[in-house]
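The file start02.txt contains compact mmCIF, C-alpha atoms and all ligand atoms:
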# COMPACT_ATOMS: atom_id res chain seq x y z
CA MET A 1 -35.78 -9.12 21.64
CA PRO A 2 -37.33 -7.99 18.33
CA VAL A 3 -35.91 -4.79 16.90
CA ASP A 4 -38.20 -1.99 15.71
CA VAL A 5 -35.97 -1.11 12.78
CA PRO A 6 -37.99 1.78 11.27
CA ALA A 7 -38.21 3.51 14.69
CA LEU A 8 -34.51 2.97 15.36
CA VAL A 9 -33.51 4.34 11.95
CA GLU A 10 -35.77 7.34 12.45
CA ARG A 11 -34.16 8.12 15.80
CA ALA A 12 -30.66 7.64 14.37
CA ARG A 13 -31.47 10.08 11.56
CA ASP A 14 -32.56 12.56 14.22
CA GLY A 15 -29.07 12.26 15.65
CA ASP A 16 -29.92 10.21 18.75
CA PRO A 17 -26.53 8.75 19.74
CA ARG A 18 -28.13 5.79 21.54
CA ALA A 19 -29.98 4.77 18.39
CA VAL A 20 -26.76 5.10 16.36
CA GLY A 21 -24.94 2.96 18.93
CA ARG A 22 -27.69 0.37 18.87
CA LEU A 23 -27.57 0.11 15.07
CA ILE A 24 -23.80 -0.37 15.14
CA SER A 25 -24.25 -3.08 17.77
CA LEU A 26 -26.60 -4.85 15.37
CA VAL A 27 -23.80 -4.71 12.78
CA GLU A 28 -21.21 -5.92 15.26
CA ASN A 29 -23.39 -8.84 16.32
CA ALA A 30 -24.33 -9.75 12.74
CA SER A 31 -27.98 -9.39 13.70
CA PRO A 32 -30.62 -11.04 11.52
CA SER A 33 -32.25 -7.57 11.40
CA LEU A 34 -29.33 -6.20 9.36
CA ARG A 35 -30.94 -6.71 5.99
CA GLU A 36 -33.86 -4.59 7.07
CA VAL A 37 -31.53 -2.01 8.65
CA MET A 38 -29.43 -1.65 5.49
CA THR A 39 -32.53 -1.37 3.30
CA ALA A 40 -33.85 1.40 5.54
CA LEU A 41 -30.52 3.28 5.70
CA THR A 42 -29.53 3.12 2.05
CA PRO A 43 -31.59 6.13 0.84
CA TYR A 44 -29.84 8.32 3.43
CA ALA A 45 -26.27 7.13 2.95
CA GLY A 46 -23.53 8.05 0.48
CA ARG A 47 -22.76 11.55 1.66
CA ALA A 48 -20.15 11.18 4.40
CA ARG A 49 -16.46 11.49 3.69
CA VAL A 50 -14.42 8.71 5.23
CA VAL A 51 -10.91 9.35 6.54
CA GLY A 52 -8.79 6.45 7.79
CA LEU A 53 -5.94 6.79 10.31
CA THR A 54 -3.34 4.10 10.57
CA GLY A 55 0.11 3.73 12.13
CA SER A 56 1.97 1.88 14.87
CA PRO A 57 0.50 1.71 18.37
CA GLY A 58 1.52 4.80 20.33
CA VAL A 59 2.21 6.98 17.30
CA GLY A 60 -0.64 9.30 18.27
CA LYS A 61 -3.68 8.17 16.27
CA SER A 62 -6.17 8.66 19.10
CA THR A 63 -4.64 12.00 20.07
CA SER A 64 -4.75 13.12 16.43
CA THR A 65 -8.33 11.89 16.07
CA ALA A 66 -9.38 13.96 19.09
CA ALA A 67 -7.55 17.02 17.70
CA LEU A 68 -9.10 16.53 14.26
CA VAL A 69 -12.55 16.27 15.82
CA ARG A 70 -12.01 19.61 17.55
CA ALA A 71 -10.89 21.24 14.29
CA LEU A 72 -13.78 19.75 12.31
CA ARG A 73 -16.35 20.64 14.96
CA ALA A 74 -15.02 24.20 14.95
CA ARG A 75 -16.07 24.53 11.31
CA GLY A 76 -19.45 22.95 12.03
CA SER A 77 -18.97 19.47 10.60
CA ARG A 78 -20.77 16.55 12.19
CA VAL A 79 -18.16 13.92 12.92
CA GLY A 80 -18.26 10.18 13.43
CA ILE A 81 -15.40 8.21 14.93
CA LEU A 82 -15.06 4.51 14.40
CA ALA A 83 -12.20 2.87 16.29
CA VAL A 84 -11.59 -0.52 14.73
CA ASP A 85 -9.55 -3.35 16.14
CA PRO A 86 -9.16 -6.09 13.52
CA SER A 87 -7.24 -8.38 15.87
CA SER A 88 -9.53 -8.25 18.86
CA PRO A 89 -12.33 -10.79 19.22
CA PHE A 90 -14.45 -8.41 21.27
CA SER A 91 -14.84 -4.69 21.63
CA GLY A 92 -13.67 -2.58 24.53
CA GLY A 93 -10.28 -3.59 25.85
CA ALA A 94 -7.49 -1.68 24.19
CA LEU A 95 -9.86 0.84 22.70
CA LEU A 96 -11.61 1.66 25.93
CA GLY A 97 -8.86 4.05 26.98
CA ASP A 98 -9.35 5.89 23.72
CA ARG A 99 -13.03 6.29 24.41
CA VAL A 100 -12.24 7.78 27.79
CA ARG A 101 -9.84 10.21 26.14
CA MET A 102 -12.60 11.28 23.78
CA GLN A 103 -14.77 12.23 26.74
CA ASP A 104 -14.47 15.93 26.10
CA HIS A 105 -16.62 15.25 23.04
CA ALA A 106 -18.97 12.88 24.85
CA THR A 107 -21.67 15.48 25.45
CA ASP A 108 -21.44 17.03 21.98
CA ASN A 109 -24.29 15.67 19.86
CA GLY A 110 -22.40 16.54 16.68
CA VAL A 111 -19.95 13.73 17.47
CA PHE A 112 -20.58 9.99 17.41
CA ILE A 113 -17.91 7.75 18.91
CA ARG A 114 -17.87 4.02 18.60
CA SER A 115 -15.30 1.25 18.84
CA MET A 116 -15.80 -2.01 17.09
CA ALA A 117 -14.14 -5.41 16.94
CA SER A 118 -14.64 -8.29 14.56
CA ARG A 119 -15.95 -10.77 17.16
CA GLY A 120 -14.47 -13.38 14.89
CA HIS A 121 -17.60 -13.66 12.79
CA LEU A 122 -17.29 -14.70 9.19
CA GLY A 123 -16.28 -11.94 6.87
CA GLY A 124 -15.04 -9.99 9.89
CA LEU A 125 -14.31 -6.34 9.38
CA ALA A 126 -14.39 -6.41 5.58
CA TRP A 127 -18.06 -6.86 6.04
CA SER A 128 -18.90 -5.01 9.22
CA THR A 129 -16.86 -1.81 8.79
CA PRO A 130 -18.68 -0.55 5.67
CA GLN A 131 -22.01 -1.26 7.34
CA ALA A 132 -21.03 0.65 10.49
CA LEU A 133 -19.89 3.49 8.20
CA ARG A 134 -23.28 3.43 6.50
CA VAL A 135 -24.97 3.85 9.89
CA LEU A 136 -22.85 6.91 10.73
CA ASP A 137 -23.30 8.29 7.23
CA ALA A 138 -27.09 7.97 7.36
CA ALA A 139 -27.07 9.53 10.84
CA GLY A 140 -25.82 12.72 9.20
CA CYS A 141 -22.07 12.62 9.76
CA ASP A 142 -20.27 14.84 7.29
CA ILE A 143 -17.01 13.08 7.96
CA VAL A 144 -16.15 9.79 9.64
CA LEU A 145 -12.69 9.15 11.07
CA VAL A 146 -11.72 5.48 11.18
CA GLU A 147 -8.89 4.70 13.57
CA THR A 148 -7.28 1.26 13.37
CA VAL A 149 -4.96 -0.21 16.00
CA GLY A 150 -1.81 -1.09 14.07
CA VAL A 151 -0.09 -1.46 10.71
CA GLY A 152 -0.87 -5.03 9.63
CA GLN A 153 -2.65 -6.30 6.55
CA ALA A 154 -6.05 -6.02 8.24
CA GLU A 155 -5.37 -2.35 8.98
CA VAL A 156 -4.46 -1.77 5.34
CA GLU A 157 -7.80 -3.31 4.38
CA VAL A 158 -9.73 -1.20 6.86
CA ALA A 159 -7.84 1.89 5.71
CA SER A 160 -8.76 1.09 2.13
CA LEU A 161 -12.39 1.63 3.08
CA ALA A 162 -11.54 5.30 3.43
CA ASP A 163 -11.67 8.02 0.79
CA THR A 164 -8.51 9.47 2.31
CA THR A 165 -5.99 7.47 4.32
CA LEU A 166 -3.63 9.15 6.78
CA VAL A 167 -0.51 7.23 7.71
CA LEU A 168 1.04 8.43 10.95
CA VAL A 169 4.68 7.99 11.85
CA ALA A 170 6.70 9.28 14.78
CA PRO A 171 10.40 10.17 15.09
CA GLY A 172 12.76 7.34 15.92
CA MET A 173 10.26 4.51 15.63
CA GLY A 174 11.49 3.18 12.29
CA ASP A 175 7.91 3.63 11.17
CA ALA A 176 8.69 4.47 7.58
CA ILE A 177 10.37 1.11 7.09
CA GLN A 178 7.62 -0.72 8.95
CA ALA A 179 5.01 1.04 6.85
CA ALA A 180 6.85 0.05 3.67
CA LYS A 181 6.93 -3.57 4.82
CA ALA A 182 3.23 -3.60 5.64
CA GLY A 183 2.42 -2.22 2.20
CA ILE A 184 1.09 0.94 3.72
CA LEU A 185 3.06 3.46 1.65
CA GLU A 186 0.87 2.59 -1.32
CA VAL A 187 -2.38 3.30 0.52
CA ALA A 188 -1.22 6.57 2.10
CA ASP A 189 -2.83 9.74 0.78
CA VAL A 190 -1.36 11.95 3.49
CA PHE A 191 1.65 11.25 5.69
CA VAL A 192 1.66 12.72 9.16
CA VAL A 193 4.89 12.92 11.13
CA ASN A 194 3.46 13.28 14.61
CA LYS A 195 5.40 14.08 17.80
CA ALA A 196 7.28 16.74 15.86
CA ASP A 197 8.17 18.21 19.28
CA ARG A 198 10.65 15.35 19.54
CA GLU A 199 14.04 15.10 17.96
CA GLY A 200 14.19 13.37 14.59
CA ALA A 201 10.97 14.62 12.99
CA ASP A 202 12.84 15.95 9.96
CA GLN A 203 14.72 12.69 9.69
CA ALA A 204 11.44 10.75 9.80
CA ALA A 205 10.10 12.93 6.97
CA ARG A 206 13.30 12.28 4.98
CA ASP A 207 12.96 8.52 5.63
CA LEU A 208 9.45 8.65 4.25
CA ARG A 209 10.54 10.53 1.14
CA HIS A 210 13.32 8.01 0.67
CA MET A 211 11.00 5.00 1.03
CA LEU A 212 8.58 6.64 -1.41
CA SER A 213 11.34 7.21 -3.95
CA LEU A 214 12.37 3.54 -3.66
CA ALA A 215 8.83 2.58 -4.57
CA GLY A 216 9.54 4.17 -7.97
CA PRO A 217 8.58 7.40 -9.70
CA ARG A 218 4.97 8.44 -9.32
CA ASP A 219 2.87 9.46 -12.27
CA PRO A 220 2.72 13.30 -12.03
CA ALA A 221 -0.99 13.13 -12.91
CA VAL A 222 -1.52 11.07 -9.80
CA TRP A 223 -1.90 12.42 -6.27
CA GLN A 224 1.42 13.06 -4.54
CA PRO A 225 0.96 12.36 -0.83
CA PRO A 226 2.08 15.38 1.21
CA ILE A 227 4.04 14.98 4.44
CA VAL A 228 2.63 17.05 7.29
CA LYS A 229 4.32 17.54 10.67
CA THR A 230 2.15 17.68 13.78
CA VAL A 231 2.23 17.83 17.55
CA ALA A 232 -1.18 16.28 18.07
CA SER A 233 -1.07 16.61 21.85
CA ARG A 234 -0.94 20.41 21.37
CA SER A 235 -3.12 20.47 18.23
CA GLU A 236 -0.19 21.89 16.28
CA GLY A 237 -0.28 21.26 12.54
CA ILE A 238 -3.78 19.80 12.74
CA ASP A 239 -5.18 22.54 10.49
CA ASP A 240 -2.58 21.54 7.89
CA VAL A 241 -3.83 17.95 8.14
CA VAL A 242 -7.43 19.10 7.65
CA GLU A 243 -6.31 21.15 4.65
CA ALA A 244 -4.47 18.15 3.15
CA ILE A 245 -7.59 16.00 3.65
CA ASP A 246 -9.72 18.63 1.91
CA ARG A 247 -7.27 18.98 -0.97
CA HIS A 248 -7.16 15.22 -1.43
CA HIS A 249 -10.94 15.05 -1.41
CA GLU A 250 -11.15 17.76 -4.10
CA TRP A 251 -8.63 15.91 -6.21
CA LEU A 252 -10.57 12.66 -5.83
CA ALA A 253 -13.83 14.31 -6.83
CA GLU A 254 -12.38 16.21 -9.80
CA SER A 255 -10.41 13.27 -11.17
CA GLY A 256 -13.38 10.90 -10.99
CA ARG A 257 -11.48 8.69 -8.58
CA LEU A 258 -13.93 9.20 -5.75
CA ASP A 259 -16.67 7.42 -7.69
CA ALA A 260 -14.23 4.73 -8.79
CA LYS A 261 -13.07 4.18 -5.22
CA ARG A 262 -16.60 3.95 -3.91
CA ARG A 263 -17.60 1.48 -6.61
CA LEU A 264 -14.61 -0.67 -5.76
CA ARG A 265 -15.58 -0.56 -2.09
CA ALA A 266 -19.16 -1.52 -2.89
CA ALA A 267 -17.85 -4.47 -4.90
CA ASP A 268 -15.72 -5.58 -1.94
CA GLU A 269 -18.68 -5.28 0.39
CA ILE A 270 -21.02 -7.25 -1.87
CA GLU A 271 -18.37 -9.92 -2.29
CA ALA A 272 -17.81 -10.17 1.48
CA ILE A 273 -21.54 -10.54 2.11
CA ALA A 274 -21.96 -13.08 -0.68
CA VAL A 275 -19.05 -15.16 0.58
CA THR A 276 -20.51 -15.03 4.09
CA VAL A 277 -23.89 -16.20 2.83
CA LEU A 278 -22.29 -19.03 0.85
CA ARG A 279 -20.17 -20.16 3.78
CA GLU A 280 -23.18 -20.15 6.05
CA ARG A 281 -25.09 -22.30 3.59
CA MET A 282 -22.08 -24.60 3.21
CA GLY A 283 -21.94 -24.79 6.99
CA ASP A 284 -25.59 -25.81 7.06
CA LEU A 285 -24.63 -28.71 4.83
CA ARG A 286 -22.23 -30.01 7.44
CA GLY A 287 -24.00 -32.69 9.38
CA GLY A 288 -26.54 -32.81 6.54
CA SER A 289 -26.70 -35.74 4.18
CA VAL A 290 -25.39 -34.02 1.01
CA LEU A 291 -21.86 -33.36 2.24
CA ASP A 292 -21.75 -36.72 4.06
CA GLU A 293 -22.64 -38.64 0.94
CA LEU A 294 -20.15 -36.73 -1.22
CA ALA A 295 -17.45 -37.24 1.42
CA ALA A 296 -18.13 -40.97 1.57
CA ARG A 297 -17.81 -41.28 -2.20
CA VAL A 298 -14.59 -39.22 -2.33
CA ALA A 299 -13.10 -41.23 0.55
CA ALA A 300 -14.05 -44.46 -1.21
CA GLY A 301 -12.34 -43.32 -4.39
CA GLU A 302 -15.57 -43.28 -6.37
CA LEU A 303 -15.61 -39.54 -6.99
CA ASP A 304 -12.90 -36.91 -7.39
CA PRO A 305 -12.95 -33.97 -4.96
CA TYR A 306 -13.43 -31.32 -7.70
CA THR A 307 -16.59 -32.92 -8.99
CA ALA A 308 -17.78 -33.30 -5.41
CA ALA A 309 -17.09 -29.60 -4.73
CA ASP A 310 -18.93 -28.62 -7.93
CA ASN A 311 -21.92 -30.62 -6.74
CA LEU A 312 -21.77 -28.93 -3.35
CA VAL A 313 -21.57 -25.41 -4.85
CA ALA A 314 -24.44 -26.19 -7.22
CA GLY A 315 -26.40 -27.36 -4.20
CA VAL A 316 -26.02 -24.10 -2.23
CA THR A 317 -26.54 -21.69 -5.11
CA THR A 318 -29.80 -23.07 -6.43
N1 LIG A 401 5.37 14.31 22.75
C1 LIG A 401 4.24 14.03 22.12
N2 LIG A 401 3.45 13.05 22.60
C2 LIG A 401 2.32 12.77 21.93
C3 LIG A 401 1.93 13.48 20.76
N3 LIG A 401 0.77 12.97 20.31
C4 LIG A 401 0.43 11.98 21.15
N4 LIG A 401 1.36 11.85 22.13
C5 LIG A 401 1.36 10.89 23.26
O1 LIG A 401 1.69 9.61 22.75
C6 LIG A 401 0.99 8.59 23.47
C7 LIG A 401 0.22 7.68 22.53
O2 LIG A 401 -0.78 8.42 21.88
P1 LIG A 401 -2.11 7.75 21.30
O3 LIG A 401 -2.89 8.85 20.66
O4 LIG A 401 -2.79 6.92 22.31
O5 LIG A 401 -1.50 6.78 20.18
P2 LIG A 401 -2.24 5.63 19.32
O6 LIG A 401 -1.91 4.33 19.95
O7 LIG A 401 -1.62 5.75 17.96
O8 LIG A 401 -3.71 5.91 19.32
C8 LIG A 401 0.10 9.31 24.45
O9 LIG A 401 0.74 9.34 25.70
C9 LIG A 401 0.00 10.72 23.87
O10 LIG A 401 -0.23 11.69 24.85
C10 LIG A 401 2.79 14.53 20.28
O11 LIG A 401 2.56 15.18 19.28
N5 LIG A 401 3.92 14.75 21.01
MG MG A 402 -5.36 4.66 19.79
Let me see the structure of the file written as structure tokens.
Ligand SMILES: Nc1nc2c(ncn2[C@@H]2O[C@H](COP(=O)(O)OP(=O)(O)O)[C@@H](O)[C@H]2O)c(=O)[nH]1
Ligand SMILES: [Mg+2]
Amino acid sequence: MPVDVPALVERARDGDPRAVGRLISLVENASPSLREVMTALTPYAGRARVVGLTGSPGVGKSTSTAALVRALRARGSRVGILAVDPSSPFSGGALLGDRVRMQDHATDNGVFIRSMASRGHLGGLAWSTPQALRVLDAAGCDIVLVETVGVGQAEVEVASLADTTLVLVAPGMGDAIQAAKAGILEVADVFVVNKADREGADQAARDLRHMLSLAGPRDPAVWQPPIVKTVASRSEGIDDVVEAIDRHHEWLAESGRLDAKRRLRAADEIEAIAVTVLRERMGDLRGGSVLDELAARVAAGELDPYTAADNLVAGVTT
């Protein structure tokens, strides 16, 4: 079915959640209309603040997201929520429960909720997440919360799309050590010790400080990630989290790091798209005569594989 992109973008900018959802589906499905969509959205994007939440399953990311949405809505911000599952080949599934839990926001047109999976397409989330963020941004979200499912490398990458990354830990889960292993301490801008109603919250905070000190002394001119304790299920400490997010954002803006971060992200996005385009063109060569001929000559020992690869690359870039 052909997509009326200008009409869809217009409706999304008016805050129609169905249009926003439709545009994100186009991203998720790597629709051929995406070029047109991104061209149409670009003049309206670049305003939203992006906050990533990461941490082990069960630590309280979805509960914290819901509590943050309430706090942000209370001060009048329009909020987008993108739940991202880098490991899942299709959307729904594990994230569906989270969507149900967000139902108290379902009728609020200042909140957009969407879960997204990589569907295994080339470039995966490195490519689709920034585009989904652009949709929410252009739709007028002041802040977008990106929740990832776990603490693996893919989650670190998704988190790095954020201006501010929250790393959640809970008492007694050994999360600080797991976070250190996954390379997450480096990307954390704010640490949240959730489930502070349980025993061991202070110990978890001490573990974090210890792991941070092992990582070496931080430059005092650089942001020092605060450690905030919360009971997300009772919205306790959530205002402190919002305040930490705001403080970090101010620091980013004043230090010039916000622009630097966003440029770096744009570079990653361009690279991911370019690599996808190149791989698609390479794929088109499979079954075509160019790759077959080169392969025959390499197999016969007439040509070395590097020269063959150079020929192939020259063939797809001209
Ligand atoms: N005791 C306690 N339970 C919590 C708290 N926050 C969340 N939970 C519970 O922990 C479980 C997992 O929370 P969820 O938000 O789904 O975690 P996620 O997998 O990180 O998204 C749920 O049963 C929540 O109700 C908290 O602050 N204290
Ligand atoms: Mg969750």
Can you list every residue of chain A that has an atom at most 6 Å from ligand LIG 401 (chain A), with its nearest atom pair and the distance in Å to one decimal, using all atoms listed in the file, ordered by chain then number, as JSON lines?
{"residue": "A:Pro57", "atom": "CA", "partner": "A:LIG401", "partner_atom": "O6", "distance": 3.9}
{"residue": "A:Gly58", "atom": "CA", "partner": "A:LIG401", "partner_atom": "O6", "distance": 3.5}
{"residue": "A:Val59", "atom": "CA", "partner": "A:LIG401", "partner_atom": "O7", "distance": 4.1}
{"residue": "A:Gly60", "atom": "CA", "partner": "A:LIG401", "partner_atom": "O5", "distance": 3.3}
{"residue": "A:Lys61", "atom": "CA", "partner": "A:LIG401", "partner_atom": "O7", "distance": 3.6}
{"residue": "A:Ser62", "atom": "CA", "partner": "A:LIG401", "partner_atom": "O3", "distance": 3.6}
{"residue": "A:Thr63", "atom": "CA", "partner": "A:LIG401", "partner_atom": "O3", "distance": 3.7}
{"residue": "A:Asn194", "atom": "CA", "partner": "A:LIG401", "partner_atom": "O11", "distance": 5.1}
{"residue": "A:Lys195", "atom": "CA", "partner": "A:LIG401", "partner_atom": "O11", "distance": 3.4}
{"residue": "A:Asp197", "atom": "CA", "partner": "A:LIG401", "partner_atom": "N5", "distance": 5.7}
{"residue": "A:Val231", "atom": "CA", "partner": "A:LIG401", "partner_atom": "O11", "distance": 3.2}
{"residue": "A:Ala232", "atom": "CA", "partner": "A:LIG401", "partner_atom": "O11", "distance": 4.1}
{"residue": "A:Ser233", "atom": "CA", "partner": "A:LIG401", "partner_atom": "N3", "distance": 4.4}
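Residue nearest Arg49 (chain A) within the list A:Val242, A:Ala272, A:Val144, A:Ala314: A:Val144 [criterion: smallest interatomic distance, only C-alpha atoms].
Nearest to Val51 (chain A) of all the residues A:Gly283, A:Pro220, A:Gly315, A:Gly80 is A:Gly80, based on only C-alpha atoms.
Excluding region 253-270 of chain A itself and same-chain residues fewer than 6 positions from it, the residues having an atom within 9 Å of it are Ala126, Trp127, Ser128, Pro130, Gln131, Ser160, Leu161, Ala162 and Asp163 of chain A, counting only C-alpha atoms.
The coordinates place CA of Phe191 (chain A) at 10.8 Å from CA of Ala179 (chain A).
The spacing separating CA of Tyr306 (chain A) from CA of Leu294 (chain A) amounts to 10.8 Å.
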| field | Best match for closeness to ligand MG 402 (chain A) among A:Glu36, A:Asp85, A:Asp142, A:Asp16, counting all atoms listed in the file | value | A:Asp85
| Separation of CA of Ser64 (chain A) and CA of Gly237 (chain A), in Å? | 10.1 Å
| For Asn109 (chain A): contacts at 10 Å, all atoms listed in the file, fewer than 5 positions along chain excluded, given as a list in words | Gly15, Asp16, Pro17, Arg78 and Val79 of chain A
| message | Given the point (10.0, 12.4, 5.9) in the file's coordinates, find the residues that have an atom at most 10 Å from it, counting only C-alpha atoms, and give them as a ChimeraX atom specification. | response | /A:169-171,176,191-193,200-212,226-229
Complete the atom set of region 285-306 of chain A to N, CA, C and O atoms and return it as a short mmCIF file (atom, residue, chain, number, x, y, z; two decimals), keeping the file's coordinate frame.
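The result, written out as selection16.cif:
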data_model
loop_
_atom_site.label_atom_id
_atom_site.label_comp_id
_atom_site.auth_asym_id
_atom_site.auth_seq_id
_atom_site.Cartn_x
_atom_site.Cartn_y
_atom_site.Cartn_z
N LEU A 285 -24.71 -27.38 5.44
CA LEU A 285 -24.63 -28.71 4.83
C LEU A 285 -23.87 -29.69 5.71
O LEU A 285 -24.04 -30.89 5.61
N ARG A 286 -22.98 -29.13 6.53
CA ARG A 286 -22.23 -30.01 7.44
C ARG A 286 -23.20 -30.68 8.38
O ARG A 286 -24.06 -30.03 8.97
N GLY A 287 -23.05 -31.99 8.52
CA GLY A 287 -24.00 -32.69 9.38
C GLY A 287 -25.24 -33.08 8.58
O GLY A 287 -26.00 -33.95 8.98
N GLY A 288 -25.43 -32.42 7.41
CA GLY A 288 -26.54 -32.81 6.54
C GLY A 288 -26.10 -33.97 5.66
O GLY A 288 -24.92 -34.34 5.63
N SER A 289 -27.02 -34.51 4.91
CA SER A 289 -26.70 -35.74 4.18
C SER A 289 -25.90 -35.47 2.90
O SER A 289 -25.12 -36.31 2.48
N VAL A 290 -26.04 -34.26 2.30
CA VAL A 290 -25.39 -34.02 1.01
C VAL A 290 -23.87 -34.12 1.12
O VAL A 290 -23.23 -34.89 0.39
N LEU A 291 -23.31 -33.35 2.08
CA LEU A 291 -21.86 -33.36 2.24
C LEU A 291 -21.38 -34.74 2.69
O LEU A 291 -20.36 -35.24 2.20
N ASP A 292 -22.11 -35.38 3.58
CA ASP A 292 -21.75 -36.72 4.06
C ASP A 292 -21.64 -37.72 2.91
O ASP A 292 -20.66 -38.46 2.80
N GLU A 293 -22.62 -37.69 2.07
CA GLU A 293 -22.64 -38.64 0.94
C GLU A 293 -21.49 -38.39 -0.01
O GLU A 293 -20.81 -39.32 -0.44
N LEU A 294 -21.26 -37.07 -0.33
CA LEU A 294 -20.15 -36.73 -1.22
C LEU A 294 -18.84 -37.16 -0.59
O LEU A 294 -17.96 -37.74 -1.26
N ALA A 295 -18.70 -36.90 0.72
CA ALA A 295 -17.45 -37.24 1.42
C ALA A 295 -17.21 -38.75 1.38
O ALA A 295 -16.09 -39.21 1.16
N ALA A 296 -18.26 -39.51 1.58
CA ALA A 296 -18.13 -40.97 1.57
C ALA A 296 -17.65 -41.46 0.21
O ALA A 296 -16.76 -42.30 0.10
N ARG A 297 -18.19 -40.83 -0.85
CA ARG A 297 -17.81 -41.28 -2.20
C ARG A 297 -16.39 -40.87 -2.55
O ARG A 297 -15.66 -41.61 -3.22
N VAL A 298 -15.97 -39.65 -2.08
CA VAL A 298 -14.59 -39.22 -2.33
C VAL A 298 -13.64 -40.12 -1.56
O VAL A 298 -12.62 -40.59 -2.09
N ALA A 299 -13.97 -40.40 -0.29
CA ALA A 299 -13.10 -41.23 0.55
C ALA A 299 -12.98 -42.64 -0.03
O ALA A 299 -11.92 -43.27 0.06
N ALA A 300 -14.06 -43.11 -0.65
CA ALA A 300 -14.05 -44.46 -1.21
C ALA A 300 -13.40 -44.51 -2.59
O ALA A 300 -13.28 -45.58 -3.19
N GLY A 301 -13.00 -43.35 -3.09
CA GLY A 301 -12.34 -43.32 -4.39
C GLY A 301 -13.31 -43.42 -5.56
O GLY A 301 -12.90 -43.69 -6.69
N GLU A 302 -14.58 -43.18 -5.29
CA GLU A 302 -15.57 -43.28 -6.37
C GLU A 302 -15.74 -41.96 -7.12
O GLU A 302 -16.23 -41.93 -8.23
N LEU A 303 -15.36 -40.88 -6.43
CA LEU A 303 -15.61 -39.54 -6.99
C LEU A 303 -14.39 -38.68 -6.70
O LEU A 303 -13.77 -38.82 -5.64
N ASP A 304 -14.04 -37.80 -7.67
CA ASP A 304 -12.90 -36.91 -7.39
C ASP A 304 -13.40 -35.69 -6.62
O ASP A 304 -14.57 -35.33 -6.71
N PRO A 305 -12.51 -35.06 -5.84
CA PRO A 305 -12.95 -33.97 -4.96
C PRO A 305 -13.47 -32.74 -5.72
O PRO A 305 -14.32 -32.00 -5.21
N TYR A 306 -12.95 -32.49 -6.95
CA TYR A 306 -13.43 -31.32 -7.70
C TYR A 306 -14.89 -31.48 -8.11
O TYR A 306 -15.69 -30.56 -7.98
#
